[in-house]
Amino acid sequence: MLPLEGIRVVELTTGAAGPTVAKCLSEYGAEVVKIESRNRPDSHRGGPKEGRLNKSPDFAKLSRNKKSLTVNMQTNRGKDLVRDLIRVSDVVVENFSLGVMERWGMAYDQLREIKPDVILIRLKGLGCTGPHAHHVTYGPNLLALFGMTHLWNHPNAPTPTGEARTQHPDFMSGIAGAAAVMSALLYRQRTGQGMCIDSSQAEAGASLLGPYYLDWMVNHRDPGPSGNDQAGCAPHGAYPCAGEDKWCVLSVRTEVEWQAFCRAAGHPEWLEDQRFAGLLARREHRAELDALVSAWTRDWTANEVAETLQAAGVIAAPVQDVEDQFERNPQFAARGLYVNLEEPEMGPLVTEGPPVKMSETSPQVYAHAPLLGEHTDYVVREILKLSDAEIQELTSEGVLD
Amino acid sequence: MLDLADEKGLPCAKFLADNGADVIRIAPPGGDATRSRGPFAGDVPHPERSLYFLHHNANKRGITLNLESPDGQRLFRDLARAADVVVETFPPGWLAEHGLGYDDLTAINPKIVVTSITAFGQTGPWRDWKGGELTAFAVGGLMALSGEPGGPPCVAPGELSCGVASMHAALATQVALFHRERTGRGQHVDVSLAEAAAHAGSYVVPLYSYHKEKPHRVSHFEHVPELHHDLYPCKDGFVRLFILAREHWKTFAEWIGDPAVTDPAMEDRRVRQKEMHRLAPIIEAFCRRHTKQELYLEGQARHLAITPVNTPAEFVQSEQTQARGLFQEIEHPVVGRYQQIGAMHKYSAAGAAVRSAAPTIGQHNDEIYRSELGLSPEDLRELRAAGVI
């Protein structure tokens, strides 16, 4: 039995952060009912155009394990139906623009009238309060706002950023949101009370940059990018390897590691070089050291460098793209990081499984991402216990769309 | 909760401490290795002045304990008897070699949850590989997409892999506590930094598996931008535009007002992308006439996803950050009063907040060893003399 079996989550979301909260909870056994409408399906479904719907790899990653209920939220009976579902659920996840839930009559206080111990998590780019709460933001906008775009770069780079194209902080704030929901479930277990959780994706992402903000708060210095450099280490960073745009990373901290590194690289003479005698000297001459190390790494594949150095007890790893991860990462393969989905309209597809194993209750991927409305019948019959006549009426009135 | 974590698990212990767990940070005598990480308050390298340490350890109590000595191991087992959670980041097997593995701890406390956060996980051919943020980020897929094409890839700031792994760990740890309430049994949680890093990015894995296409690095410098994702220079820095939807483009085009952009043919995203070599210079010229704050606030007033590329100080000082009280003041005996970023979420039922500054080295030794484990002052003197605490 999975640990969250019996916990039901109602998901009123679009995009990535909100769906990630419910995805994470589903992996531990929560039953997630994702509410969509045929007029406005989730933005990651591939768009409402025929032939694209239900064929989005993004959606498969975000919504596997979930059930899909289609309701027309423009109708009063549709909203009532969702309220009825919330009445028999534990958690509501929403990440629509600020004001949508209020317009639907589903503000936290109103949900509490239906379900006194409801746990509501609201994910917004900039949170639910404050003068900018209504701002329109996507993940990359937030990276720019909280300083990450600026900091993610090599020092003195000619470009304004070196950041990868990523949806961060959408996924991280979704995972953190699931952790916050678990705090609320533990709280409810002890006190019988629910709560409303206000999640700002910008703040979730910013919390990892705490030391940079402290540099400003305490030292009045506005820090800039430091790239791959790290105090206390040399050599350290990314080095070129054999192949087109292939790289490895490595890091040498202690004298023991330095000796192991030089021998493993086949350059014991570096140990005699006064420029590299001791960490301070290696830090001072790190441009020359990096040139020598690069000349060595260039002759080997990234995996060869990593295997050679790790065998000698030195930190190293290949810089891998997705193809490398599939073809040249025996660790991911052995631990079963990737799971195969069989999507009804797309066929086989691979996504990342949870990066967590537990001795009793490992999180699991147990179902494909739902087709739009795939579980409408199940939800109204099995959860809401509606009769055939009621279902027929709701269908003919366009409430179940 | 007993916190034995280094960089890899610090955000996990912090998340739980911020939400009210009584977290006891356990460091070797002399203090944590992470106390040597800069920047330092007043730029004075000193174990009580590491801003890295101060950020990650607020709201915790701190003790010292030598886990390599038999007496230290005995004391740790005494602490574990009364603990709910241990968070640790040692190489796989290290705690077991010291008589403190999951099997040892569960034998004395069947309800305990042990959460291990390691570079590559507890199993598999690379389980004994050394590493941390750098190695995880490298194999995780995002690093290969960072930096300028041809140059070295660039690790993300803020130890992103550790952060994502720690959020998964905080989630799994609490799931284990929830499960324990139902079953009475704890468990061992195994989190891999490298696997967490593979989660931090995008939809690269499912897209590759389905379409067999993989993304490549794109230059942030010399290329024709993709409008919906890109940075544009303005009067005093850069802004990020994320303009994808047709109605957003129309609003933006009308704001710019140039007939080349208001051309209705450009409303189609695919047409627009083909014409970007022509459109980008017009957009850039428009942006250069404004400051980033003007483009931000006037753009947002038009419901456009435009944001400034801020420095850390600009984020701290922004109206929204200030209005939400994100930074909270605390006092530290060495550094004095300062503000640090508060909890990750706002909870209506109970306010998570910065309640206390990070502990000084061994600050709570007396409180915990004497009041909670019942050791005498003489015991403590002996333990100190023997280098156990």
# chains A, B, ... in the order shown; residues from 1 in each chain; ligands from 1
call {"tool": "select_by_dssp", "arguments": {"residues": "segment 90-145 of chain A", "states": "strand (DSSP E or B)", "output": "PyMOL selection string"}}
result
chain A and resi 91-94+119-124
call {"tool": "select_by_dssp", "arguments": {"residues": "segment 202-282 of chain B", "states": "alpha helix (DSSP H)", "output": "count of residues only"}}
result
36
call {"tool": "residues_around", "arguments": {"residues": "Val339 of chain A", "least_positions_apart": "5", "cutoff": "7 Å", "atoms": "only C-alpha atoms", "output": "tab-separated table (two decimals) with C-alpha atoms, in the first residue's frame"}}
result
chain	number	residue	atom	x	y	z
A	350	VAL	CA	10.05	7.61	-21.56
A	351	THR	CA	9.97	10.06	-18.64
A	352	GLU	CA	11.96	10.57	-15.47
A	353	GLY	CA	10.73	8.62	-12.47
call {"tool": "atom_distance", "arguments": {"atom1": "atom CA of Met172 of chain A", "atom2": "atom CA of Asp32 of chain B"}}
result
26.9 Å
call {"tool": "closest_residue", "arguments": {"among": "A:Glu27, A:Glu11, A:Asp222, A:Asp229", "to": "Ile121 of chain A", "atoms": "only C-alpha atoms"}}
result
A:Glu11
call {"tool": "residues_around", "arguments": {"residues": "Pro355 of chain A", "least_positions_apart": "4", "cutoff": "10 Å", "atoms": "only C-alpha atoms", "output": "list in words"}}
result
Phe332, Arg335, Gly336, Leu337, Tyr338, Ser362 and Pro363 of chain A; Phe120, Gly121, Val164, Ala165, His168, Ala169, Asp190, Val191, Ser192, Leu193, Ala194, Glu195, Ala196, Ala197, Ala198 and His199 of chain B
call {"tool": "write_last_selection", "arguments": {"atoms": "N, CA and C atoms", "output": "mmCIF file, in the first residue's frame"}}
result
data_model
loop_
_atom_site.group_PDB
_atom_site.id
_atom_site.type_symbol
_atom_site.label_atom_id
_atom_site.label_comp_id
_atom_site.auth_asym_id
_atom_site.auth_seq_id
_atom_site.Cartn_x
_atom_site.Cartn_y
_atom_site.Cartn_z
ATOM 1 N N PHE A 332 22.044 5.622 -13.964
ATOM 2 C CA PHE A 332 20.618 5.899 -14.140
ATOM 3 C C PHE A 332 19.894 4.618 -14.568
ATOM 4 N N ARG A 335 19.499 2.095 -11.623
ATOM 5 C CA ARG A 335 18.523 2.503 -10.604
ATOM 6 C C ARG A 335 17.126 2.718 -11.182
ATOM 7 N N GLY A 336 17.016 2.528 -12.483
ATOM 8 C CA GLY A 336 15.686 2.631 -13.076
ATOM 9 C C GLY A 336 15.114 4.031 -13.010
ATOM 10 N N LEU A 337 15.967 5.035 -13.288
ATOM 11 C CA LEU A 337 15.462 6.410 -13.231
ATOM 12 C C LEU A 337 14.362 6.643 -14.255
ATOM 13 N N TYR A 338 14.546 6.052 -15.434
ATOM 14 C CA TYR A 338 13.577 6.323 -16.501
ATOM 15 C C TYR A 338 12.471 5.286 -16.500
ATOM 16 N N SER A 362 8.444 3.135 -1.726
ATOM 17 C CA SER A 362 9.034 3.925 -2.809
ATOM 18 C C SER A 362 7.948 4.562 -3.671
ATOM 19 N N PRO A 363 8.173 5.827 -4.064
ATOM 20 C CA PRO A 363 7.209 6.476 -4.952
ATOM 21 C C PRO A 363 7.152 5.750 -6.302
ATOM 22 N N PHE B 120 25.078 9.984 -5.934
ATOM 23 C CA PHE B 120 24.501 9.134 -6.985
ATOM 24 C C PHE B 120 23.498 8.112 -6.457
ATOM 25 N N GLY B 121 23.206 8.121 -5.155
ATOM 26 C CA GLY B 121 22.272 7.156 -4.588
ATOM 27 C C GLY B 121 22.986 6.028 -3.858
ATOM 28 N N VAL B 164 17.019 20.837 -5.435
ATOM 29 C CA VAL B 164 15.932 19.981 -5.934
ATOM 30 C C VAL B 164 15.939 18.644 -5.180
ATOM 31 N N ALA B 165 17.130 18.068 -4.969
ATOM 32 C CA ALA B 165 17.222 16.808 -4.220
ATOM 33 C C ALA B 165 16.675 16.998 -2.805
ATOM 34 N N HIS B 168 12.894 17.044 -2.755
ATOM 35 C CA HIS B 168 12.396 15.668 -2.834
ATOM 36 C C HIS B 168 12.591 14.962 -1.492
ATOM 37 N N ALA B 169 13.715 15.231 -0.843
ATOM 38 C CA ALA B 169 14.005 14.580 0.434
ATOM 39 C C ALA B 169 13.043 15.068 1.523
ATOM 40 N N ASP B 190 16.221 7.131 0.326
ATOM 41 C CA ASP B 190 17.457 7.199 -0.459
ATOM 42 C C ASP B 190 17.233 8.178 -1.616
ATOM 43 N N VAL B 191 17.893 9.325 -1.543
ATOM 44 C CA VAL B 191 17.709 10.347 -2.579
ATOM 45 C C VAL B 191 19.020 10.534 -3.333
ATOM 46 N N SER B 192 18.951 10.538 -4.655
ATOM 47 C CA SER B 192 20.132 10.723 -5.497
ATOM 48 C C SER B 192 20.172 12.149 -6.047
ATOM 49 N N LEU B 193 21.274 12.824 -5.757
ATOM 50 C CA LEU B 193 21.469 14.192 -6.248
ATOM 51 C C LEU B 193 21.453 14.233 -7.779
ATOM 52 N N ALA B 194 22.130 13.259 -8.392
ATOM 53 C CA ALA B 194 22.227 13.241 -9.859
ATOM 54 C C ALA B 194 20.850 13.056 -10.480
ATOM 55 N N GLU B 195 20.047 12.180 -9.892
ATOM 56 C CA GLU B 195 18.708 11.947 -10.434
ATOM 57 C C GLU B 195 17.821 13.172 -10.217
ATOM 58 N N ALA B 196 17.988 13.810 -9.068
ATOM 59 C CA ALA B 196 17.207 15.026 -8.811
ATOM 60 C C ALA B 196 17.570 16.098 -9.833
ATOM 61 N N ALA B 197 18.864 16.178 -10.170
ATOM 62 C CA ALA B 197 19.299 17.167 -11.159
ATOM 63 C C ALA B 197 18.631 16.898 -12.500
ATOM 64 N N ALA B 198 18.438 15.613 -12.816
ATOM 65 C CA ALA B 198 17.786 15.263 -14.082
ATOM 66 C C ALA B 198 16.319 15.693 -14.086
ATOM 67 N N HIS B 199 15.795 16.049 -12.921
ATOM 68 C CA HIS B 199 14.409 16.512 -12.805
ATOM 69 C C HIS B 199 14.270 18.016 -12.878
#
call {"tool": "residues_around", "arguments": {"residues": "Leu25 of chain A", "least_positions_apart": "2", "cutoff": "9 Å", "atoms": "only C-alpha atoms", "output": "PDB file with N, CA and C atoms, in the first residue's frame"}}
result
ATOM      1  N   LEU A   4       0.130   7.466   0.716  1.00  0.00           N
ATOM      2  CA  LEU A   4      -0.925   8.485   0.637  1.00  0.00           C
ATOM      3  C   LEU A   4      -2.225   7.922   0.075  1.00  0.00           C
ATOM      4  N   VAL A   9      -6.709  14.459  -4.084  1.00  0.00           N
ATOM      5  CA  VAL A   9      -6.236  15.797  -4.457  1.00  0.00           C
ATOM      6  C   VAL A   9      -7.053  16.278  -5.653  1.00  0.00           C
ATOM      7  N   THR A  20       2.981  19.832 -11.099  1.00  0.00           N
ATOM      8  CA  THR A  20       4.077  19.092 -10.458  1.00  0.00           C
ATOM      9  C   THR A  20       3.755  18.768  -8.994  1.00  0.00           C
ATOM     10  N   VAL A  21       3.072  19.693  -8.296  1.00  0.00           N
ATOM     11  CA  VAL A  21       2.679  19.421  -6.908  1.00  0.00           C
ATOM     12  C   VAL A  21       1.874  18.127  -6.847  1.00  0.00           C
ATOM     13  N   ALA A  22       0.829  18.067  -7.673  1.00  0.00           N
ATOM     14  CA  ALA A  22      -0.062  16.915  -7.629  1.00  0.00           C
ATOM     15  C   ALA A  22       0.620  15.664  -8.168  1.00  0.00           C
ATOM     16  N   LYS A  23       1.497  15.843  -9.158  1.00  0.00           N
ATOM     17  CA  LYS A  23       2.245  14.694  -9.693  1.00  0.00           C
ATOM     18  C   LYS A  23       3.051  14.035  -8.576  1.00  0.00           C
ATOM     19  N   GLU A  27       2.632  10.148  -6.832  1.00  0.00           N
ATOM     20  CA  GLU A  27       3.662   9.098  -6.814  1.00  0.00           C
ATOM     21  C   GLU A  27       3.715   8.371  -5.477  1.00  0.00           C
ATOM     22  N   TYR A  28       3.191   9.022  -4.442  1.00  0.00           N
ATOM     23  CA  TYR A  28       3.114   8.382  -3.120  1.00  0.00           C
ATOM     24  C   TYR A  28       1.718   7.825  -2.854  1.00  0.00           C
ATOM     25  N   GLY A  29       0.878   7.792  -3.878  1.00  0.00           N
ATOM     26  CA  GLY A  29      -0.390   7.084  -3.745  1.00  0.00           C
ATOM     27  C   GLY A  29      -1.627   7.949  -3.638  1.00  0.00           C
ATOM     28  N   ALA A  30      -1.486   9.284  -3.609  1.00  0.00           N
ATOM     29  CA  ALA A  30      -2.678  10.129  -3.560  1.00  0.00           C
ATOM     30  C   ALA A  30      -3.459   9.977  -4.866  1.00  0.00           C
ATOM     31  N   GLU A  31      -4.790  10.023  -4.767  1.00  0.00           N
ATOM     32  CA  GLU A  31      -5.614   9.996  -5.973  1.00  0.00           C
ATOM     33  C   GLU A  31      -5.797  11.434  -6.446  1.00  0.00           C
ATOM     34  N   VAL A  32      -5.298  11.734  -7.635  1.00  0.00           N
ATOM     35  CA  VAL A  32      -5.358  13.103  -8.145  1.00  0.00           C
ATOM     36  C   VAL A  32      -6.413  13.196  -9.241  1.00  0.00           C
ATOM     37  N   ALA A 178       4.716  20.316  -2.964  1.00  0.00           N
ATOM     38  CA  ALA A 178       4.259  19.018  -2.472  1.00  0.00           C
ATOM     39  C   ALA A 178       4.774  18.788  -1.046  1.00  0.00           C
ATOM     40  N   ALA A 179       6.013  19.219  -0.789  1.00  0.00           N
ATOM     41  CA  ALA A 179       6.562  19.083   0.567  1.00  0.00           C
ATOM     42  C   ALA A 179       5.770  19.955   1.548  1.00  0.00           C
ATOM     43  N   VAL A 181       2.607  20.751   1.224  1.00  0.00           N
ATOM     44  CA  VAL A 181       1.322  20.060   1.428  1.00  0.00           C
ATOM     45  C   VAL A 181       1.497  18.932   2.454  1.00  0.00           C
ATOM     46  N   MET A 182       2.631  18.237   2.398  1.00  0.00           N
ATOM     47  CA  MET A 182       2.871  17.174   3.388  1.00  0.00           C
ATOM     48  C   MET A 182       2.980  17.757   4.791  1.00  0.00           C
ATOM     49  N   PRO A 363       8.173   5.827  -4.064  1.00  0.00           N
ATOM     50  CA  PRO A 363       7.209   6.476  -4.952  1.00  0.00           C
ATOM     51  C   PRO A 363       7.152   5.750  -6.302  1.00  0.00           C
TER      52      PRO A 363
ATOM     53  N   LEU B 171      10.054  16.172   1.038  1.00  0.00           N
ATOM     54  CA  LEU B 171       8.763  15.555   0.719  1.00  0.00           C
ATOM     55  C   LEU B 171       8.737  14.103   1.198  1.00  0.00           C
TER      56      LEU B 171
END
call {"tool": "atom_distance", "arguments": {"atom1": "atom CA of Ile112 of chain B", "atom2": "atom CA of Leu75 of chain B"}}
result
16.2 Å
